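**Q** You'll find start_33.pdb just under this line, and it carries PDB, C-alpha atoms, pLDDT in the B column.
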ATOM      1  CA  MET K   1     151.064  45.044 182.503  1.00 43.00           C
ATOM      2  CA  ARG K   2     154.381  46.857 181.983  1.00 44.00           C
ATOM      3  CA  ARG K   3     154.227  50.006 179.874  1.00 44.00           C
ATOM      4  CA  HIS K   4     157.043  51.144 177.621  1.00 45.00           C
ATOM      5  CA  PRO K   5     158.312  54.503 178.939  1.00 41.00           C
ATOM      6  CA  ARG K   6     158.941  55.934 175.451  1.00 43.00           C
ATOM      7  CA  ARG K   7     155.599  55.014 173.950  1.00 44.00           C
ATOM      8  CA  GLY K   8     154.129  58.524 173.576  1.00 42.00           C
ATOM      9  CA  ALA K   9     157.390  60.096 172.481  1.00 42.00           C
ATOM     10  CA  GLU K  10     157.893  57.451 169.817  1.00 42.00           C
ATOM     11  CA  ALA K  11     154.439  58.019 168.414  1.00 40.00           C
ATOM     12  CA  SER K  12     155.167  61.735 168.007  1.00 37.00           C
ATOM     13  CA  ARG K  13     158.612  61.266 166.491  1.00 41.00           C
ATOM     14  CA  LEU K  14     157.308  58.688 164.066  1.00 42.00           C
ATOM     15  CA  VAL K  15     155.578  61.343 162.002  1.00 40.00           C
ATOM     16  CA  THR K  16     157.368  64.604 162.833  1.00 32.00           C
ATOM     17  CA  THR K  17     161.091  63.900 162.532  1.00 33.00           C
ATOM     18  CA  ALA K  18     162.891  62.905 159.373  1.00 36.00           C
ATOM     19  CA  THR K  19     166.057  60.848 159.237  1.00 37.00           C
ATOM     20  CA  PRO K  20     168.470  61.239 156.340  1.00 40.00           C
ATOM     21  CA  ARG K  21     168.237  58.891 153.407  1.00 41.00           C
ATOM     22  CA  PRO K  22     171.163  56.498 152.916  1.00 42.00           C
ATOM     23  CA  ALA K  23     174.182  58.013 151.190  1.00 40.00           C
ATOM     24  CA  ASP K  24     173.663  55.856 148.111  1.00 42.00           C
ATOM     25  CA  GLY K  25     170.383  57.618 147.287  1.00 44.00           C
ATOM     26  CA  PRO K  26     166.677  57.013 147.917  1.00 48.00           C
ATOM     27  CA  ARG K  27     165.445  53.527 148.651  1.00 50.00           C
ATOM     28  CA  PRO K  28     163.313  51.813 146.063  1.00 52.00           C
ATOM     29  CA  ASP K  29     159.799  50.918 147.117  1.00 75.00           C
ATOM     30  CA  PRO K  30     159.634  47.420 148.634  1.00 89.00           C
ATOM     31  CA  SER K  31     159.366  44.984 145.744  1.00 90.00           C
ATOM     32  CA  PRO K  32     156.258  42.747 145.752  1.00 92.00           C
ATOM     33  CA  ARG K  33     157.996  40.377 143.342  1.00 94.00           C
ATOM     34  CA  GLY K  34     161.033  40.319 145.599  1.00 94.00           C
ATOM     35  CA  ALA K  35     158.846  39.391 148.555  1.00 96.00           C
ATOM     36  CA  VAL K  36     157.416  36.481 146.548  1.00 96.00           C
ATOM     37  CA  VAL K  37     160.942  35.216 145.854  1.00 96.00           C
ATOM     38  CA  GLY K  38     161.852  35.696 149.525  1.00 95.00           C
ATOM     39  CA  HIS K  39     158.768  33.715 150.486  1.00 96.00           C
ATOM     40  CA  ARG K  40     159.865  30.784 148.322  1.00 96.00           C
ATOM     41  CA  ILE K  41     163.384  30.900 149.770  1.00 95.00           C
ATOM     42  CA  GLY K  42     161.937  31.014 153.282  1.00 94.00           C
ATOM     43  CA  ILE K  43     159.747  27.991 152.600  1.00 95.00           C
ATOM     44  CA  SER K  44     162.761  26.010 151.371  1.00 94.00           C
ATOM     45  CA  LEU K  45     164.816  27.042 154.413  1.00 89.00           C
ATOM     46  CA  VAL K  46     162.085  26.153 156.889  1.00 90.00           C
ATOM     47  CA  ARG K  47     161.504  22.759 155.294  1.00 90.00           C
ATOM     48  CA  SER K  48     165.144  21.776 154.856  1.00 91.00           C
ATOM     49  CA  ALA K  49     166.911  23.163 157.936  1.00 90.00           C
ATOM     50  CA  TRP K  50     164.439  22.344 160.713  1.00 91.00           C
ATOM     51  CA  ASN K  51     161.467  20.189 161.541  1.00 91.00           C
ATOM     52  CA  THR K  52     159.071  23.112 161.634  1.00 93.00           C
ATOM     53  CA  ARG K  53     155.513  22.632 162.811  1.00 94.00           C
ATOM     54  CA  VAL K  54     153.126  25.358 161.632  1.00 96.00           C
ATOM     55  CA  LEU K  55     149.803  25.815 163.415  1.00 97.00           C
ATOM     56  CA  GLY K  56     146.975  28.193 162.549  1.00 98.00           C
ATOM     57  CA  ALA K  57     148.453  29.689 159.378  1.00 97.00           C
ATOM     58  CA  TRP K  58     144.945  29.533 157.881  1.00 97.00           C
ATOM     59  CA  ARG K  59     144.016  32.364 160.231  1.00 98.00           C
ATOM     60  CA  VAL K  60     146.042  34.865 158.181  1.00 98.00           C
ATOM     61  CA  PRO K  61     143.531  36.779 156.015  1.00 98.00           C
ATOM     62  CA  GLY K  62     143.897  35.817 152.365  1.00 97.00           C
ATOM     63  CA  THR K  63     143.583  39.383 151.118  1.00 97.00           C
ATOM     64  CA  GLY K  64     143.965  42.900 152.430  1.00 97.00           C
ATOM     65  CA  PRO K  65     146.603  44.573 154.615  1.00 98.00           C
ATOM     66  CA  VAL K  66     147.993  42.453 157.430  1.00 98.00           C
ATOM     67  CA  ILE K  67     150.651  42.950 160.099  1.00 98.00           C
ATOM     68  CA  LEU K  68     152.244  39.748 161.394  1.00 98.00           C
ATOM     69  CA  ALA K  69     153.382  40.510 164.948  1.00 95.00           C
ATOM     70  CA  GLY K  70     155.980  38.034 166.182  1.00 93.00           C
ATOM     71  CA  ASN K  71     157.922  37.532 169.387  1.00 91.00           C
ATOM     72  CA  HIS K  72     161.677  37.770 168.951  1.00 83.00           C
ATOM     73  CA  SER K  73     164.354  35.783 170.746  1.00 79.00           C
ATOM     74  CA  HIS K  74     166.632  34.641 167.871  1.00 84.00           C
ATOM     75  CA  ASN K  75     167.830  35.901 164.490  1.00 83.00           C
ATOM     76  CA  VAL K  76     166.058  33.065 162.663  1.00 88.00           C
ATOM     77  CA  ASP K  77     162.625  34.214 163.879  1.00 92.00           C
ATOM     78  CA  GLY K  78     162.139  36.530 160.901  1.00 92.00           C
ATOM     79  CA  PRO K  79     163.006  33.902 158.275  1.00 92.00           C
ATOM     80  CA  LEU K  80     160.743  31.426 160.119  1.00 94.00           C
ATOM     81  CA  VAL K  81     157.777  33.793 159.834  1.00 96.00           C
ATOM     82  CA  ILE K  82     158.567  34.554 156.191  1.00 96.00           C
ATOM     83  CA  GLY K  83     158.818  30.843 155.396  1.00 96.00           C
ATOM     84  CA  THR K  84     155.653  29.775 157.215  1.00 97.00           C
ATOM     85  CA  SER K  85     153.321  32.636 156.319  1.00 98.00           C
ATOM     86  CA  PRO K  86     150.763  31.726 153.630  1.00 97.00           C
ATOM     87  CA  ARG K  87     151.437  35.104 151.996  1.00 98.00           C
ATOM     88  CA  PRO K  88     154.670  36.891 151.005  1.00 97.00           C
ATOM     89  CA  VAL K  89     155.962  39.169 153.763  1.00 97.00           C
ATOM     90  CA  HIS K  90     157.880  42.452 153.823  1.00 97.00           C
ATOM     91  CA  PHE K  91     159.756  42.376 157.128  1.00 94.00           C
ATOM     92  CA  LEU K  92     160.996  45.392 159.044  1.00 92.00           C
ATOM     93  CA  VAL K  93     164.694  44.689 159.727  1.00 89.00           C
ATOM     94  CA  LYS K  94     167.221  46.820 161.608  1.00 86.00           C
ATOM     95  CA  ARG K  95     169.279  48.970 159.249  1.00 86.00           C
ATOM     96  CA  GLU K  96     172.542  47.621 160.670  1.00 86.00           C
ATOM     97  CA  ALA K  97     171.814  44.310 158.922  1.00 84.00           C
ATOM     98  CA  PHE K  98     171.677  45.968 155.493  1.00 87.00           C
ATOM     99  CA  VAL K  99     175.392  45.927 154.735  1.00 86.00           C
ATOM    100  CA  GLY K 100     177.294  44.401 151.838  1.00 87.00           C
ATOM    101  CA  PRO K 101     175.835  41.656 149.641  1.00 88.00           C
ATOM    102  CA  ALA K 102     173.418  40.512 152.366  1.00 85.00           C
ATOM    103  CA  GLY K 103     171.902  43.988 152.547  1.00 86.00           C
ATOM    104  CA  ALA K 104     171.505  44.178 148.785  1.00 90.00           C
ATOM    105  CA  ALA K 105     169.855  40.760 148.794  1.00 92.00           C
ATOM    106  CA  MET K 106     167.391  41.746 151.522  1.00 91.00           C
ATOM    107  CA  ARG K 107     166.405  44.883 149.643  1.00 91.00           C
ATOM    108  CA  ALA K 108     165.937  42.850 146.459  1.00 94.00           C
ATOM    109  CA  LEU K 109     163.701  40.459 148.411  1.00 94.00           C
ATOM    110  CA  GLY K 110     161.412  43.309 149.444  1.00 94.00           C
ATOM    111  CA  GLN K 111     162.514  43.668 153.067  1.00 95.00           C
ATOM    112  CA  ILE K 112     162.477  47.102 154.720  1.00 94.00           C
ATOM    113  CA  ALA K 113     165.449  48.663 156.514  1.00 91.00           C
ATOM    114  CA  VAL K 114     164.527  50.656 159.619  1.00 88.00           C
ATOM    115  CA  ASP K 115     166.608  52.900 161.859  1.00 84.00           C
ATOM    116  CA  ARG K 116     165.638  51.856 165.390  1.00 73.00           C
ATOM    117  CA  GLY K 117     167.379  54.841 166.995  1.00 72.00           C
ATOM    118  CA  ALA K 118     165.387  57.607 165.322  1.00 70.00           C
ATOM    119  CA  ALA K 119     162.119  58.315 163.567  1.00 72.00           C
ATOM    120  CA  ASP K 120     162.778  56.750 160.160  1.00 79.00           C
ATOM    121  CA  ARG K 121     160.284  58.375 157.817  1.00 87.00           C
ATOM    122  CA  GLY K 122     161.618  56.406 154.862  1.00 90.00           C
ATOM    123  CA  ALA K 123     160.753  53.135 156.600  1.00 90.00           C
ATOM    124  CA  VAL K 124     157.370  54.568 157.649  1.00 91.00           C
ATOM    125  CA  ALA K 125     156.582  55.500 154.047  1.00 93.00           C
ATOM    126  CA  ASP K 126     157.681  52.083 152.745  1.00 95.00           C
ATOM    127  CA  THR K 127     155.615  50.240 155.350  1.00 95.00           C
ATOM    128  CA  LEU K 128     152.477  52.276 154.703  1.00 95.00           C
ATOM    129  CA  ALA K 129     152.943  51.775 150.946  1.00 95.00           C
ATOM    130  CA  VAL K 130     152.921  47.989 151.422  1.00 96.00           C
ATOM    131  CA  LEU K 131     149.847  48.080 153.660  1.00 97.00           C
ATOM    132  CA  ARG K 132     147.925  50.477 151.412  1.00 95.00           C
ATOM    133  CA  ALA K 133     148.593  48.126 148.510  1.00 96.00           C
ATOM    134  CA  GLY K 134     147.030  45.282 150.530  1.00 97.00           C
ATOM    135  CA  GLY K 135     150.310  43.595 151.396  1.00 97.00           C
ATOM    136  CA  VAL K 136     151.719  41.900 154.479  1.00 98.00           C
ATOM    137  CA  ILE K 137     154.205  43.454 156.900  1.00 97.00           C
ATOM    138  CA  GLY K 138     156.222  41.394 159.373  1.00 96.00           C
ATOM    139  CA  MET K 139     157.234  43.119 162.582  1.00 92.00           C
ATOM    140  CA  PHE K 140     158.743  42.418 165.982  1.00 91.00           C
ATOM    141  CA  PRO K 141     156.885  44.918 168.193  1.00 86.00           C
ATOM    142  CA  GLU K 142     159.354  44.432 171.053  1.00 76.00           C
ATOM    143  CA  GLY K 143     161.857  46.325 168.903  1.00 60.00           C
ATOM    144  CA  SER K 144     164.822  43.983 169.369  1.00 53.00           C
ATOM    145  CA  ARG K 145     165.744  40.484 170.452  1.00 49.00           C
ATOM    146  CA  GLY K 146     165.069  39.660 174.087  1.00 47.00           C
ATOM    147  CA  ALA K 147     163.079  37.199 176.112  1.00 50.00           C
ATOM    148  CA  GLY K 148     160.509  37.035 173.321  1.00 46.00           C
ATOM    149  CA  ASP K 149     157.606  37.370 175.753  1.00 48.00           C
ATOM    150  CA  PHE K 150     155.937  40.619 174.555  1.00 52.00           C
ATOM    151  CA  ALA K 151     156.569  42.122 178.029  1.00 49.00           C
ATOM    152  CA  ALA K 152     157.328  45.607 176.675  1.00 48.00           C
ATOM    153  CA  LEU K 153     156.073  46.829 173.322  1.00 53.00           C
ATOM    154  CA  ARG K 154     156.835  49.915 171.310  1.00 66.00           C
ATOM    155  CA  SER K 155     153.971  51.871 169.840  1.00 72.00           C
ATOM    156  CA  GLY K 156     154.916  51.454 166.167  1.00 84.00           C
ATOM    157  CA  LEU K 157     152.752  48.404 165.472  1.00 91.00           C
ATOM    158  CA  ALA K 158     149.596  49.997 166.888  1.00 91.00           C
ATOM    159  CA  TRP K 159     150.340  53.215 164.999  1.00 91.00           C
ATOM    160  CA  PHE K 160     150.631  51.390 161.673  1.00 94.00           C
ATOM    161  CA  ALA K 161     147.482  49.377 162.363  1.00 94.00           C
ATOM    162  CA  LEU K 162     145.452  52.479 163.241  1.00 93.00           C
ATOM    163  CA  ARG K 163     146.818  54.424 160.295  1.00 92.00           C
ATOM    164  CA  SER K 164     146.299  51.717 157.668  1.00 94.00           C
ATOM    165  CA  GLY K 165     143.355  49.715 159.009  1.00 94.00           C
ATOM    166  CA  ALA K 166     145.456  46.554 158.765  1.00 96.00           C
ATOM    167  CA  ALA K 167     144.520  43.427 160.687  1.00 97.00           C
ATOM    168  CA  VAL K 168     147.091  42.300 163.252  1.00 97.00           C
ATOM    169  CA  VAL K 169     147.886  38.575 163.445  1.00 98.00           C
ATOM    170  CA  PRO K 170     149.856  37.404 166.503  1.00 97.00           C
ATOM    171  CA  VAL K 171     152.660  34.944 165.716  1.00 97.00           C
ATOM    172  CA  ALA K 172     154.455  32.878 168.360  1.00 96.00           C
ATOM    173  CA  VAL K 173     157.840  31.466 167.320  1.00 93.00           C
ATOM    174  CA  LEU K 174     158.849  28.799 169.824  1.00 93.00           C
ATOM    175  CA  GLY K 175     162.019  26.756 170.184  1.00 85.00           C
ATOM    176  CA  SER K 176     164.418  28.965 168.224  1.00 78.00           C
ATOM    177  CA  SER K 177     166.422  29.986 171.299  1.00 62.00           C
ATOM    178  CA  GLU K 178     166.121  26.822 173.398  1.00 57.00           C
ATOM    179  CA  ARG K 179     169.255  25.040 172.162  1.00 61.00           C
ATOM    180  CA  ARG K 180     172.177  25.629 169.788  1.00 62.00           C
ATOM    181  CA  SER K 181     173.463  23.461 166.976  1.00 53.00           C
ATOM    182  CA  ARG K 182     176.825  21.756 167.497  1.00 55.00           C
ATOM    183  CA  VAL K 183     177.585  22.113 163.808  1.00 54.00           C
ATOM    184  CA  LEU K 184     176.437  25.722 163.452  1.00 56.00           C
ATOM    185  CA  PRO K 185     176.499  27.163 166.996  1.00 62.00           C
ATOM    186  CA  GLY K 186     174.646  30.334 166.052  1.00 67.00           C
ATOM    187  CA  LEU K 187     171.545  28.426 164.914  1.00 75.00           C
ATOM    188  CA  PRO K 188     168.995  26.073 166.470  1.00 77.00           C
ATOM    189  CA  PRO K 189     169.924  22.382 166.018  1.00 78.00           C
ATOM    190  CA  LEU K 190     169.509  21.337 162.401  1.00 84.00           C
ATOM    191  CA  ARG K 191     166.376  19.215 161.921  1.00 81.00           C
ATOM    192  CA  GLY K 192     165.326  20.139 165.461  1.00 82.00           C
ATOM    193  CA  ARG K 193     161.675  20.867 166.096  1.00 88.00           C
ATOM    194  CA  LEU K 194     160.470  24.453 165.972  1.00 93.00           C
ATOM    195  CA  ASP K 195     156.896  25.669 166.317  1.00 94.00           C
ATOM    196  CA  VAL K 196     155.279  28.687 164.637  1.00 97.00           C
ATOM    197  CA  VAL K 197     151.747  29.368 165.861  1.00 97.00           C
ATOM    198  CA  TYR K 198     149.451  31.934 164.232  1.00 98.00           C
ATOM    199  CA  GLY K 199     146.643  33.527 166.220  1.00 97.00           C
ATOM    200  CA  GLU K 200     143.306  35.125 165.454  1.00 97.00           C
ATOM    201  CA  PRO K 201     143.473  38.419 163.535  1.00 98.00           C
ATOM    202  CA  PHE K 202     142.192  41.555 165.225  1.00 96.00           C
ATOM    203  CA  HIS K 203     141.972  45.312 164.651  1.00 95.00           C
ATOM    204  CA  PRO K 204     143.430  47.427 167.477  1.00 92.00           C
ATOM    205  CA  GLY K 205     141.510  50.434 168.746  1.00 86.00           C
ATOM    206  CA  ASP K 206     137.904  51.160 169.584  1.00 81.00           C
ATOM    207  CA  GLY K 207     136.694  51.514 166.000  1.00 77.00           C
ATOM    208  CA  SER K 208     136.411  55.300 166.231  1.00 76.00           C
ATOM    209  CA  GLY K 209     139.337  55.952 163.890  1.00 72.00           C
ATOM    210  CA  ARG K 210     140.934  58.331 166.394  1.00 77.00           C
ATOM    211  CA  ARG K 211     144.721  58.751 166.199  1.00 78.00           C
ATOM    212  CA  THR K 212     145.310  60.763 169.357  1.00 84.00           C
ATOM    213  CA  ARG K 213     148.078  59.885 171.780  1.00 86.00           C
ATOM    214  CA  ALA K 214     145.505  58.493 174.198  1.00 89.00           C
ATOM    215  CA  ALA K 215     144.015  56.339 171.441  1.00 89.00           C
ATOM    216  CA  LEU K 216     147.488  55.124 170.470  1.00 89.00           C
ATOM    217  CA  ASP K 217     148.380  54.238 174.057  1.00 89.00           C
ATOM    218  CA  ALA K 218     145.094  52.353 174.493  1.00 91.00           C
ATOM    219  CA  ALA K 219     145.635  50.476 171.210  1.00 91.00           C
ATOM    220  CA  THR K 220     149.196  49.570 172.234  1.00 90.00           C
ATOM    221  CA  GLU K 221     147.935  48.178 175.541  1.00 91.00           C
ATOM    222  CA  GLN K 222     145.332  46.167 173.633  1.00 92.00           C
ATOM    223  CA  VAL K 223     147.972  44.812 171.250  1.00 92.00           C
ATOM    224  CA  GLN K 224     150.227  43.840 174.145  1.00 90.00           C
ATOM    225  CA  GLU K 225     147.436  41.987 175.915  1.00 93.00           C
ATOM    226  CA  ARG K 226     146.387  40.105 172.784  1.00 94.00           C
ATOM    227  CA  LEU K 227     149.946  39.118 171.855  1.00 93.00           C
ATOM    228  CA  ALA K 228     150.815  38.002 175.387  1.00 92.00           C
ATOM    229  CA  ALA K 229     147.610  35.950 175.600  1.00 95.00           C
ATOM    230  CA  HIS K 230     148.374  34.303 172.254  1.00 96.00           C
ATOM    231  CA  LEU K 231     151.923  33.470 173.335  1.00 94.00           C
ATOM    232  CA  ALA K 232     150.650  31.834 176.533  1.00 95.00           C
ATOM    233  CA  SER K 233     148.082  29.851 174.531  1.00 96.00           C
ATOM    234  CA  ALA K 234     150.726  28.774 171.978  1.00 96.00           C
ATOM    235  CA  ARG K 235     153.070  27.579 174.720  1.00 95.00           C
ATOM    236  CA  ALA K 236     150.296  25.538 176.294  1.00 96.00           C
ATOM    237  CA  LEU K 237     149.322  24.107 172.908  1.00 96.00           C
ATOM    238  CA  THR K 238     152.867  23.075 171.995  1.00 95.00           C
ATOM    239  CA  ALA K 239     154.041  22.210 175.550  1.00 93.00           C
ATOM    240  CA  ARG K 240     157.003  24.583 175.264  1.00 87.00           C
TER     241      ARG K 240
END
For the structure just supplied, provide its representation as structure tokens.
**A**
Amino acid sequence: MRRHPRRGAEASRLVTTATPRPADGPRPDPSPRGAVVGHRIGISLVRSAWNTRVLGAWRVPGTGPVILAGNHSHNVDGPLVIGTSPRPVHFLVKREAFVGPAGAAMRALGQIAVDRGAADRGAVADTLAVLRAGGVIGMFPEGSRGAGDFAALRSGLAWFALRSGAAVVPVAVLGSSERRSRVLPGLPPLRGRLDVVYGEPFHPGDGSGRRTRAALDAATEQVQERLAAHLASARALTAR
């Protein structure tokens, strides 16, 4: 199992280093109502743009804090999770995407901007606020788009789970990066089949409540193993 070389350092910086707030002032707390609207938009997108098969969504706990942990190989993966989740989702999205009208719309829809290059205490506070209120956070624990195979995880997901007591639900998004549309080359083929498979929820850690670096590293390894196992199972189930 490959370990992320910055795992311990990230865990420390997550809570000890502040990044400046945006120049336009403090961010509003993620809007629960906005997330509900975003959920409805996501459902419409998923149903109209692609032939999306959703498996295991009933496994997402109906109440309480939840982190949806998805693999990430295409920009549509986030909207696919938002549109197939049975509950509204506040997704962690790179700050670079929050520019112009699109950025304003994402904020209004309850999504959370995060600076991936530094310890973003504003994003940490927003995420914990959602989880403490019993909401759902969407996250790509690989940190950025790649092979989408959970081969190398950052420690943020395990840290949030340990800190909040949230259940982690693995999500495998399959088919989004296999082919490109001829009409819209940046997207999967319109009406093409995509699969979103939800796994069994679990709580990382040993149940002791410890938040030491060793406990965080062990929880991150556990998360990586569970997510990789779910992805392998989802691929076998969907023949992808």
**Q** For Ser31 in chain K, which of K:Ile82, K:Arg121, K:Trp50, K:Ala129 is the closest residue, counting only C-alpha atoms?
**A**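 Using only C-alpha atoms, the shortest distance to Ser31 in chain K belongs to K:Ala129.
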**Q** Would you list the contacts of Gly83 in chain K as JSON, numbers by chain, taking every protein, DNA or RNA residue within 10 Å and counting all atoms listed in the file, but skipping same-chain residues closer than 2 positions in sequence?
**A** {"K": [38, 39, 40, 41, 42, 43, 44, 45, 46, 47, 52, 77, 78, 79, 80, 81, 85, 86, 87, 88, 89]}
**Q** Can you work out the spacing between CA of Val130 in chain K and CA of Val66 in chain K in Å, to one decimal?
**A**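 So the two atoms, CA of Val130 in chain K and CA of Val66 in chain K, lie 9.5 Å apart.
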**Q** I'd like the interatomic distance between CA of Leu128 in chain K and CA of Arg163 in chain K, to a tenth of an Å.
**A**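 For CA of Leu128 in chain K relative to CA of Arg163 in chain K, the distance reads 8.2 Å.
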**Q** Could you expand the PyMOL selection byres ((chain K and resi 172) around 8) into the explicit residues it covers here, written as a list in words?
**A**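 Listing what the PyMOL selection byres ((chain K and resi 172) around 8) selects in the shown file: Gly70, Asn71, Pro170, Val171, Val173, Leu174, Asp195, Val196, Val197, Tyr198, His230, Leu231 and Ala234 of chain K.
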**Q** Give the padded box for range 217-226 of chain K as JSON: axis-aligned, covering all atoms listed in the file, 6 Å on each side, centre and edge lengths in Å to one decimal.
**A**
{"center_x": 147.7, "center_y": 47.2, "center_z": 173.6, "size_x": 17.1, "size_y": 26.1, "size_z": 16.7}
